[in-house]
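Asks: Hey, dropping structure.cif in here, mmCIF, N, CA and C atoms:
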```
data_run
#
loop_
_atom_site.label_atom_id
_atom_site.label_comp_id
_atom_site.auth_asym_id
_atom_site.auth_seq_id
_atom_site.Cartn_x
_atom_site.Cartn_y
_atom_site.Cartn_z
N MET A 12 3.43 -22.43 7.51
CA MET A 12 3.43 -22.69 6.08
C MET A 12 4.79 -22.30 5.51
N LEU A 13 5.34 -23.13 4.67
CA LEU A 13 6.60 -22.82 4.02
C LEU A 13 6.40 -21.73 2.97
N GLU A 14 7.46 -20.97 2.71
CA GLU A 14 7.38 -19.89 1.73
C GLU A 14 6.96 -20.43 0.36
N ARG A 15 7.53 -21.55 -0.05
CA ARG A 15 7.21 -22.08 -1.39
C ARG A 15 5.74 -22.47 -1.50
N ASP A 16 5.15 -22.99 -0.41
CA ASP A 16 3.73 -23.35 -0.43
C ASP A 16 2.86 -22.11 -0.48
N PHE A 17 3.24 -21.09 0.28
CA PHE A 17 2.51 -19.82 0.24
C PHE A 17 2.58 -19.21 -1.16
N LYS A 18 3.77 -19.21 -1.74
CA LYS A 18 3.98 -18.65 -3.09
C LYS A 18 3.10 -19.37 -4.11
N LYS A 19 3.09 -20.68 -4.07
CA LYS A 19 2.29 -21.47 -5.00
C LYS A 19 0.80 -21.15 -4.86
N ASN A 20 0.32 -21.08 -3.62
CA ASN A 20 -1.08 -20.77 -3.36
C ASN A 20 -1.43 -19.36 -3.81
N PHE A 21 -0.56 -18.39 -3.52
CA PHE A 21 -0.81 -17.01 -3.91
C PHE A 21 -0.87 -16.88 -5.43
N GLN A 22 0.05 -17.53 -6.12
CA GLN A 22 0.06 -17.43 -7.57
C GLN A 22 -1.16 -18.08 -8.20
N LYS A 23 -1.66 -19.14 -7.59
CA LYS A 23 -2.90 -19.76 -8.06
C LYS A 23 -4.06 -18.77 -7.96
N ARG A 24 -4.14 -18.11 -6.82
CA ARG A 24 -5.19 -17.09 -6.60
C ARG A 24 -5.02 -15.93 -7.57
N LEU A 25 -3.77 -15.53 -7.80
CA LEU A 25 -3.46 -14.42 -8.70
C LEU A 25 -3.90 -14.73 -10.13
N LYS A 26 -3.57 -15.92 -10.61
CA LYS A 26 -3.95 -16.32 -11.97
C LYS A 26 -5.46 -16.34 -12.14
N LYS A 27 -6.16 -16.75 -11.12
CA LYS A 27 -7.62 -16.79 -11.18
C LYS A 27 -8.23 -15.38 -11.17
N ALA A 28 -7.63 -14.49 -10.39
CA ALA A 28 -8.17 -13.14 -10.23
C ALA A 28 -7.86 -12.21 -11.39
N ILE A 29 -6.64 -12.27 -11.93
CA ILE A 29 -6.27 -11.24 -12.92
C ILE A 29 -5.84 -11.78 -14.28
N LYS A 30 -5.56 -13.04 -14.41
CA LYS A 30 -5.12 -13.62 -15.68
C LYS A 30 -3.98 -12.81 -16.31
N PRO A 31 -2.82 -12.80 -15.65
CA PRO A 31 -1.69 -12.03 -16.18
C PRO A 31 -1.18 -12.60 -17.50
N THR A 32 -0.48 -11.77 -18.25
CA THR A 32 0.12 -12.21 -19.51
C THR A 32 1.16 -13.29 -19.24
N ALA A 33 1.97 -13.07 -18.19
CA ALA A 33 3.00 -14.05 -17.82
C ALA A 33 3.40 -13.85 -16.37
N ILE A 34 3.79 -14.94 -15.74
CA ILE A 34 4.40 -14.90 -14.41
C ILE A 34 5.76 -15.56 -14.56
N LEU A 35 6.80 -14.77 -14.35
CA LEU A 35 8.17 -15.25 -14.54
C LEU A 35 8.83 -15.44 -13.19
N GLN A 36 9.45 -16.59 -13.00
CA GLN A 36 10.14 -16.91 -11.76
C GLN A 36 11.63 -16.61 -11.91
N TYR A 37 12.15 -15.84 -10.99
CA TYR A 37 13.57 -15.52 -11.00
C TYR A 37 14.28 -16.52 -10.09
N LYS A 38 15.14 -17.31 -10.66
CA LYS A 38 15.88 -18.32 -9.89
C LYS A 38 17.29 -17.80 -9.62
N GLN A 39 17.62 -17.67 -8.36
CA GLN A 39 18.93 -17.16 -8.02
C GLN A 39 19.97 -18.28 -8.00
N ASP A 40 21.11 -17.99 -8.60
CA ASP A 40 22.26 -18.90 -8.56
C ASP A 40 23.52 -18.04 -8.54
N ALA A 41 24.64 -18.63 -8.75
CA ALA A 41 25.92 -17.91 -8.66
C ALA A 41 26.08 -16.83 -9.73
N THR A 42 25.31 -16.91 -10.81
CA THR A 42 25.47 -15.95 -11.91
C THR A 42 24.44 -14.83 -11.90
N THR A 43 23.50 -14.85 -10.98
CA THR A 43 22.42 -13.86 -10.97
C THR A 43 22.66 -12.79 -9.91
N VAL A 44 21.84 -11.75 -9.95
CA VAL A 44 21.95 -10.63 -9.03
C VAL A 44 21.34 -10.99 -7.68
N ALA A 45 22.11 -10.86 -6.62
CA ALA A 45 21.64 -11.19 -5.27
C ALA A 45 20.51 -10.26 -4.85
N GLY A 46 19.48 -10.84 -4.28
CA GLY A 46 18.39 -10.06 -3.71
C GLY A 46 17.29 -9.65 -4.66
N PHE A 47 17.41 -9.98 -5.95
CA PHE A 47 16.38 -9.58 -6.91
C PHE A 47 15.07 -10.29 -6.56
N PRO A 48 13.91 -9.64 -6.75
CA PRO A 48 12.64 -10.25 -6.38
C PRO A 48 12.39 -11.62 -7.02
N ASP A 49 11.60 -12.45 -6.31
CA ASP A 49 11.31 -13.82 -6.72
C ASP A 49 10.55 -13.92 -8.04
N THR A 50 9.63 -13.00 -8.25
CA THR A 50 8.67 -13.14 -9.35
C THR A 50 8.47 -11.82 -10.08
N ILE A 51 8.33 -11.92 -11.39
CA ILE A 51 7.98 -10.76 -12.23
C ILE A 51 6.66 -11.10 -12.90
N ILE A 52 5.69 -10.22 -12.77
CA ILE A 52 4.39 -10.43 -13.39
C ILE A 52 4.21 -9.41 -14.51
N LEU A 53 3.89 -9.92 -15.69
CA LEU A 53 3.61 -9.05 -16.83
C LEU A 53 2.11 -9.00 -17.00
N GLY A 54 1.58 -7.79 -17.00
CA GLY A 54 0.14 -7.62 -17.11
C GLY A 54 -0.23 -6.82 -18.34
N PRO A 55 -1.52 -6.52 -18.48
CA PRO A 55 -1.98 -5.74 -19.62
C PRO A 55 -1.44 -4.31 -19.57
N GLU A 56 -1.45 -3.66 -20.71
CA GLU A 56 -1.01 -2.26 -20.80
C GLU A 56 0.43 -2.06 -20.31
N ALA A 57 1.27 -3.04 -20.54
CA ALA A 57 2.70 -2.99 -20.19
C ALA A 57 2.96 -2.82 -18.69
N VAL A 58 2.05 -3.29 -17.86
CA VAL A 58 2.25 -3.26 -16.41
C VAL A 58 3.23 -4.36 -16.03
N VAL A 59 4.23 -3.99 -15.23
CA VAL A 59 5.22 -4.94 -14.74
C VAL A 59 5.23 -4.84 -13.21
N VAL A 60 5.09 -5.98 -12.55
CA VAL A 60 5.05 -6.03 -11.09
C VAL A 60 6.13 -7.00 -10.60
N PHE A 61 6.88 -6.56 -9.62
CA PHE A 61 7.90 -7.40 -9.00
C PHE A 61 7.40 -7.82 -7.62
N ILE A 62 7.54 -9.11 -7.31
CA ILE A 62 7.07 -9.62 -6.03
C ILE A 62 8.18 -10.39 -5.32
N GLU A 63 8.34 -10.07 -4.06
CA GLU A 63 9.19 -10.83 -3.15
C GLU A 63 8.26 -11.55 -2.19
N TYR A 64 8.42 -12.86 -2.05
CA TYR A 64 7.58 -13.65 -1.14
C TYR A 64 8.31 -13.91 0.16
N LYS A 65 7.57 -13.87 1.26
CA LYS A 65 8.09 -14.21 2.58
C LYS A 65 7.08 -15.11 3.28
N LYS A 66 7.58 -16.01 4.13
CA LYS A 66 6.68 -16.95 4.79
C LYS A 66 5.86 -16.29 5.90
N SER A 67 6.30 -15.12 6.37
CA SER A 67 5.54 -14.38 7.38
C SER A 67 5.97 -12.92 7.36
N LYS A 68 5.17 -12.10 8.02
CA LYS A 68 5.46 -10.67 8.12
C LYS A 68 6.82 -10.41 8.78
N ASN A 69 7.22 -11.30 9.67
CA ASN A 69 8.46 -11.11 10.43
C ASN A 69 9.67 -11.83 9.83
N ALA A 70 9.51 -12.45 8.68
CA ALA A 70 10.63 -13.16 8.06
C ALA A 70 11.72 -12.18 7.66
N LYS A 71 12.95 -12.61 7.79
CA LYS A 71 14.09 -11.73 7.48
C LYS A 71 14.37 -11.70 5.99
N PHE A 72 14.88 -10.56 5.56
CA PHE A 72 15.30 -10.40 4.17
C PHE A 72 16.72 -10.91 4.03
N ARG A 73 17.02 -11.46 2.85
CA ARG A 73 18.40 -11.84 2.54
C ARG A 73 19.13 -10.60 2.01
N PRO A 74 20.46 -10.66 1.96
CA PRO A 74 21.22 -9.50 1.47
C PRO A 74 20.73 -9.04 0.09
N GLY A 75 20.52 -7.75 -0.03
CA GLY A 75 20.13 -7.15 -1.30
C GLY A 75 18.62 -7.06 -1.53
N GLN A 76 17.81 -7.81 -0.81
CA GLN A 76 16.37 -7.82 -1.09
C GLN A 76 15.70 -6.47 -0.81
N LYS A 77 15.97 -5.89 0.34
CA LYS A 77 15.38 -4.58 0.65
C LYS A 77 15.85 -3.52 -0.34
N GLU A 78 17.14 -3.57 -0.65
CA GLU A 78 17.71 -2.58 -1.58
C GLU A 78 17.06 -2.66 -2.95
N TRP A 79 16.84 -3.89 -3.44
CA TRP A 79 16.18 -4.04 -4.74
C TRP A 79 14.75 -3.50 -4.69
N GLY A 80 14.03 -3.79 -3.62
CA GLY A 80 12.68 -3.26 -3.49
C GLY A 80 12.67 -1.74 -3.53
N GLU A 81 13.59 -1.13 -2.80
CA GLU A 81 13.69 0.33 -2.78
C GLU A 81 14.04 0.90 -4.16
N LYS A 82 14.98 0.25 -4.86
CA LYS A 82 15.37 0.71 -6.21
C LYS A 82 14.18 0.64 -7.17
N LEU A 83 13.45 -0.46 -7.12
CA LEU A 83 12.31 -0.63 -8.03
C LEU A 83 11.23 0.42 -7.75
N LEU A 84 10.91 0.62 -6.49
CA LEU A 84 9.91 1.64 -6.13
C LEU A 84 10.38 3.04 -6.52
N ALA A 85 11.65 3.33 -6.31
CA ALA A 85 12.20 4.65 -6.66
C ALA A 85 12.14 4.92 -8.16
N ASN A 86 12.09 3.84 -8.95
CA ASN A 86 12.02 3.99 -10.40
C ASN A 86 10.61 3.74 -10.93
N ASN A 87 9.63 3.87 -10.04
CA ASN A 87 8.20 3.80 -10.39
C ASN A 87 7.71 2.45 -10.88
N PHE A 88 8.39 1.38 -10.48
CA PHE A 88 7.87 0.05 -10.74
C PHE A 88 6.95 -0.35 -9.60
N PHE A 89 6.06 -1.28 -9.87
CA PHE A 89 5.24 -1.86 -8.82
C PHE A 89 6.07 -2.95 -8.15
N TYR A 90 6.19 -2.86 -6.83
CA TYR A 90 6.94 -3.85 -6.06
C TYR A 90 6.16 -4.16 -4.80
N TYR A 91 6.03 -5.45 -4.51
CA TYR A 91 5.34 -5.89 -3.30
C TYR A 91 6.14 -6.97 -2.61
N CYS A 92 6.21 -6.88 -1.30
CA CYS A 92 6.69 -7.98 -0.49
C CYS A 92 5.43 -8.63 0.07
N VAL A 93 5.16 -9.86 -0.35
CA VAL A 93 3.91 -10.52 -0.01
C VAL A 93 4.16 -11.63 1.00
N TYR A 94 3.31 -11.67 2.01
CA TYR A 94 3.35 -12.69 3.05
C TYR A 94 1.90 -12.98 3.44
N PRO A 95 1.64 -14.06 4.13
CA PRO A 95 0.25 -14.44 4.42
C PRO A 95 -0.59 -13.34 5.05
N GLU A 96 0.02 -12.54 5.90
CA GLU A 96 -0.73 -11.49 6.60
C GLU A 96 -1.20 -10.36 5.69
N ASN A 97 -0.57 -10.14 4.53
CA ASN A 97 -1.01 -9.07 3.63
C ASN A 97 -1.45 -9.58 2.25
N ALA A 98 -1.54 -10.88 2.09
CA ALA A 98 -1.83 -11.46 0.77
C ALA A 98 -3.15 -10.97 0.18
N ASP A 99 -4.20 -10.89 0.97
CA ASP A 99 -5.49 -10.45 0.46
C ASP A 99 -5.42 -8.99 0.00
N GLU A 100 -4.75 -8.16 0.77
CA GLU A 100 -4.61 -6.75 0.42
C GLU A 100 -3.82 -6.58 -0.88
N VAL A 101 -2.71 -7.30 -1.01
CA VAL A 101 -1.90 -7.21 -2.22
C VAL A 101 -2.67 -7.74 -3.43
N LEU A 102 -3.37 -8.83 -3.28
CA LEU A 102 -4.16 -9.37 -4.38
C LEU A 102 -5.21 -8.37 -4.83
N ALA A 103 -5.84 -7.69 -3.90
CA ALA A 103 -6.83 -6.66 -4.24
C ALA A 103 -6.18 -5.51 -5.02
N GLU A 104 -4.99 -5.08 -4.58
CA GLU A 104 -4.28 -4.01 -5.29
C GLU A 104 -3.88 -4.44 -6.70
N LEU A 105 -3.37 -5.66 -6.83
CA LEU A 105 -2.98 -6.15 -8.14
C LEU A 105 -4.18 -6.28 -9.08
N THR A 106 -5.29 -6.69 -8.53
CA THR A 106 -6.52 -6.79 -9.32
C THR A 106 -6.91 -5.41 -9.86
N GLU A 107 -6.76 -4.40 -9.03
CA GLU A 107 -7.09 -3.03 -9.44
C GLU A 107 -6.08 -2.51 -10.48
N ILE A 108 -4.81 -2.78 -10.27
CA ILE A 108 -3.76 -2.31 -11.19
C ILE A 108 -3.91 -2.95 -12.57
N MET A 109 -4.28 -4.21 -12.61
CA MET A 109 -4.28 -4.96 -13.87
C MET A 109 -5.67 -5.18 -14.44
N LYS A 110 -6.54 -4.22 -14.28
CA LYS A 110 -7.88 -4.32 -14.85
C LYS A 110 -7.82 -4.40 -16.36
#
```
Would you mind writing the structure in this file as C-alpha cells?
Replies:
Amino acid sequence: MLERDFKKNFQKRLKKAIKPTAILQYKQDATTVAGFPDTIILGPEAVVVFIEYKKSKNAKFRPGQKEWGEKLLANNFFYYCVYPENADEVLAELTEIMK
C-alpha cells in the first residue's frame, strides 16, 4: 500500500472515531521546514497532535523527521509515527486522548 493511500484511509477512520476540530496537512516545499510532520490534528480541550505517516514499520525517515518527532515529544506535544502495523494502536490512543 502506498503511503498516501494509507494516510487517506487512516484519516477516514480517525474522523469517524474522534471527530477532530481540524486536520491540517503540512505540505513541504522549498520554503517550509524539512522533516516537519505530515499532519496536525486539533482536538477538543486544546489538544494538538502531530502525525508522521509511513508506508510500513521499516520505511526510512527523510532528513529532519526523527529530529522533529524528538523535539515535539521533548516539549510535551503528542507525536505519532503511524504505519499500517501500529495504526489500530495509535487510533485507540488518539480516541482516548480526544474524548
Asks: For a cut-off of 12 Å around (14.7, -7.7, 2.9), file coordinates, pick out all residues using only C-alpha atoms and list them as a ChimeraX atom specification.
Replies: /A:45-49,62-65,68-81,91-93
Asks: Can you list what the PyMOL selection byres ((chain A and resi 103-108) around 8) grabs from this structure, as a list in words?
Replies: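 So the PyMOL selection byres ((chain A and resi 103-108) around 8), applied here, picks out Leu25, Ala28, Ile29, Gly54, Pro55, Val58, Asn97, Ala98, Asp99, Glu100, Val101, Leu102, Met109 and Lys110 of chain A.
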Asks: Would you mind exporting the chosen residues as a short mmCIF file (atom, residue, chain, number, x, y, z; two decimals), keeping the file's coordinate frame, restricted to N, CA and C atoms?
Replies:
```cif
data_model
loop_
_atom_site.label_atom_id
_atom_site.label_comp_id
_atom_site.auth_asym_id
_atom_site.auth_seq_id
_atom_site.Cartn_x
_atom_site.Cartn_y
_atom_site.Cartn_z
N LEU A 25 -3.77 -15.53 -7.80
CA LEU A 25 -3.46 -14.42 -8.70
C LEU A 25 -3.90 -14.73 -10.13
N ALA A 28 -7.63 -14.49 -10.39
CA ALA A 28 -8.17 -13.14 -10.23
C ALA A 28 -7.86 -12.21 -11.39
N ILE A 29 -6.64 -12.27 -11.93
CA ILE A 29 -6.27 -11.24 -12.92
C ILE A 29 -5.84 -11.78 -14.28
N GLY A 54 1.58 -7.79 -17.00
CA GLY A 54 0.14 -7.62 -17.11
C GLY A 54 -0.23 -6.82 -18.34
N PRO A 55 -1.52 -6.52 -18.48
CA PRO A 55 -1.98 -5.74 -19.62
C PRO A 55 -1.44 -4.31 -19.57
N VAL A 58 2.05 -3.29 -17.86
CA VAL A 58 2.25 -3.26 -16.41
C VAL A 58 3.23 -4.36 -16.03
N ASN A 97 -0.57 -10.14 4.53
CA ASN A 97 -1.01 -9.07 3.63
C ASN A 97 -1.45 -9.58 2.25
N ALA A 98 -1.54 -10.88 2.09
CA ALA A 98 -1.83 -11.46 0.77
C ALA A 98 -3.15 -10.97 0.18
N ASP A 99 -4.20 -10.89 0.97
CA ASP A 99 -5.49 -10.45 0.46
C ASP A 99 -5.42 -8.99 0.00
N GLU A 100 -4.75 -8.16 0.77
CA GLU A 100 -4.61 -6.75 0.42
C GLU A 100 -3.82 -6.58 -0.88
N VAL A 101 -2.71 -7.30 -1.01
CA VAL A 101 -1.90 -7.21 -2.22
C VAL A 101 -2.67 -7.74 -3.43
N LEU A 102 -3.37 -8.83 -3.28
CA LEU A 102 -4.16 -9.37 -4.38
C LEU A 102 -5.21 -8.37 -4.83
N MET A 109 -4.28 -4.21 -12.61
CA MET A 109 -4.28 -4.96 -13.87
C MET A 109 -5.67 -5.18 -14.44
N LYS A 110 -6.54 -4.22 -14.28
CA LYS A 110 -7.88 -4.32 -14.85
C LYS A 110 -7.82 -4.40 -16.36
#
```
Asks: Extract the full set of helix (DSSP H, G or I) residues from chain A according to DSSP on the backbone, and format it as a PyMOL selection string.
Replies: chain A and resi 14-29+55-57+76-85+98-108
Asks: Check the smallest atom-to-atom distance from each of A:Ile51, A:Asp16, A:Thr32, A:Glu56 to Phe89 in chain A using only C-alpha atoms, then report the winner.
Replies: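 Distance minimum relative to Phe89 in chain A lands on A:Ile51.
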Asks: To one decimal in Å, tell me the separation between CA of Tyr37 in chain A and atom N of Ile52 in chain A.
Replies: 9.7 Å
Asks: Quick one: of A:Ser67, A:Thr50, A:Thr43, A:Asn87, who's nearest to Lys19 in chain A, counting only C-alpha atoms?
Replies: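 Once distances to Lys19 in chain A are computed over only C-alpha atoms, the minimum belongs to A:Thr50.
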Asks: Just the strand (DSSP E) stuff from range 14-90 of chain A, please, per backbone DSSP, written as a VMD selection string.
Replies: chain A and resid 33 to 36 50 to 53 59 to 64 89 to 90
Asks: One decimal, in Å: what's the spacing between CA of Pro95 in chain A and CA of Lys66 in chain A?
Replies: 6.9 Å
Asks: At what distance in Å, to one decimal, does CA of Ala41 in chain A lie from atom C of Leu84 in chain A?
Replies: 26.2 Å
Asks: Measuring atom to atom with only C-alpha atoms, identify which of A:Ala85, A:Leu13, A:Leu53, A:Val60 is nearest to Ala33 in chain A.
Replies: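 Ranking A:Ala85, A:Leu13, A:Leu53, A:Val60 by distance to Ala33 in chain A, first place goes to A:Leu53.
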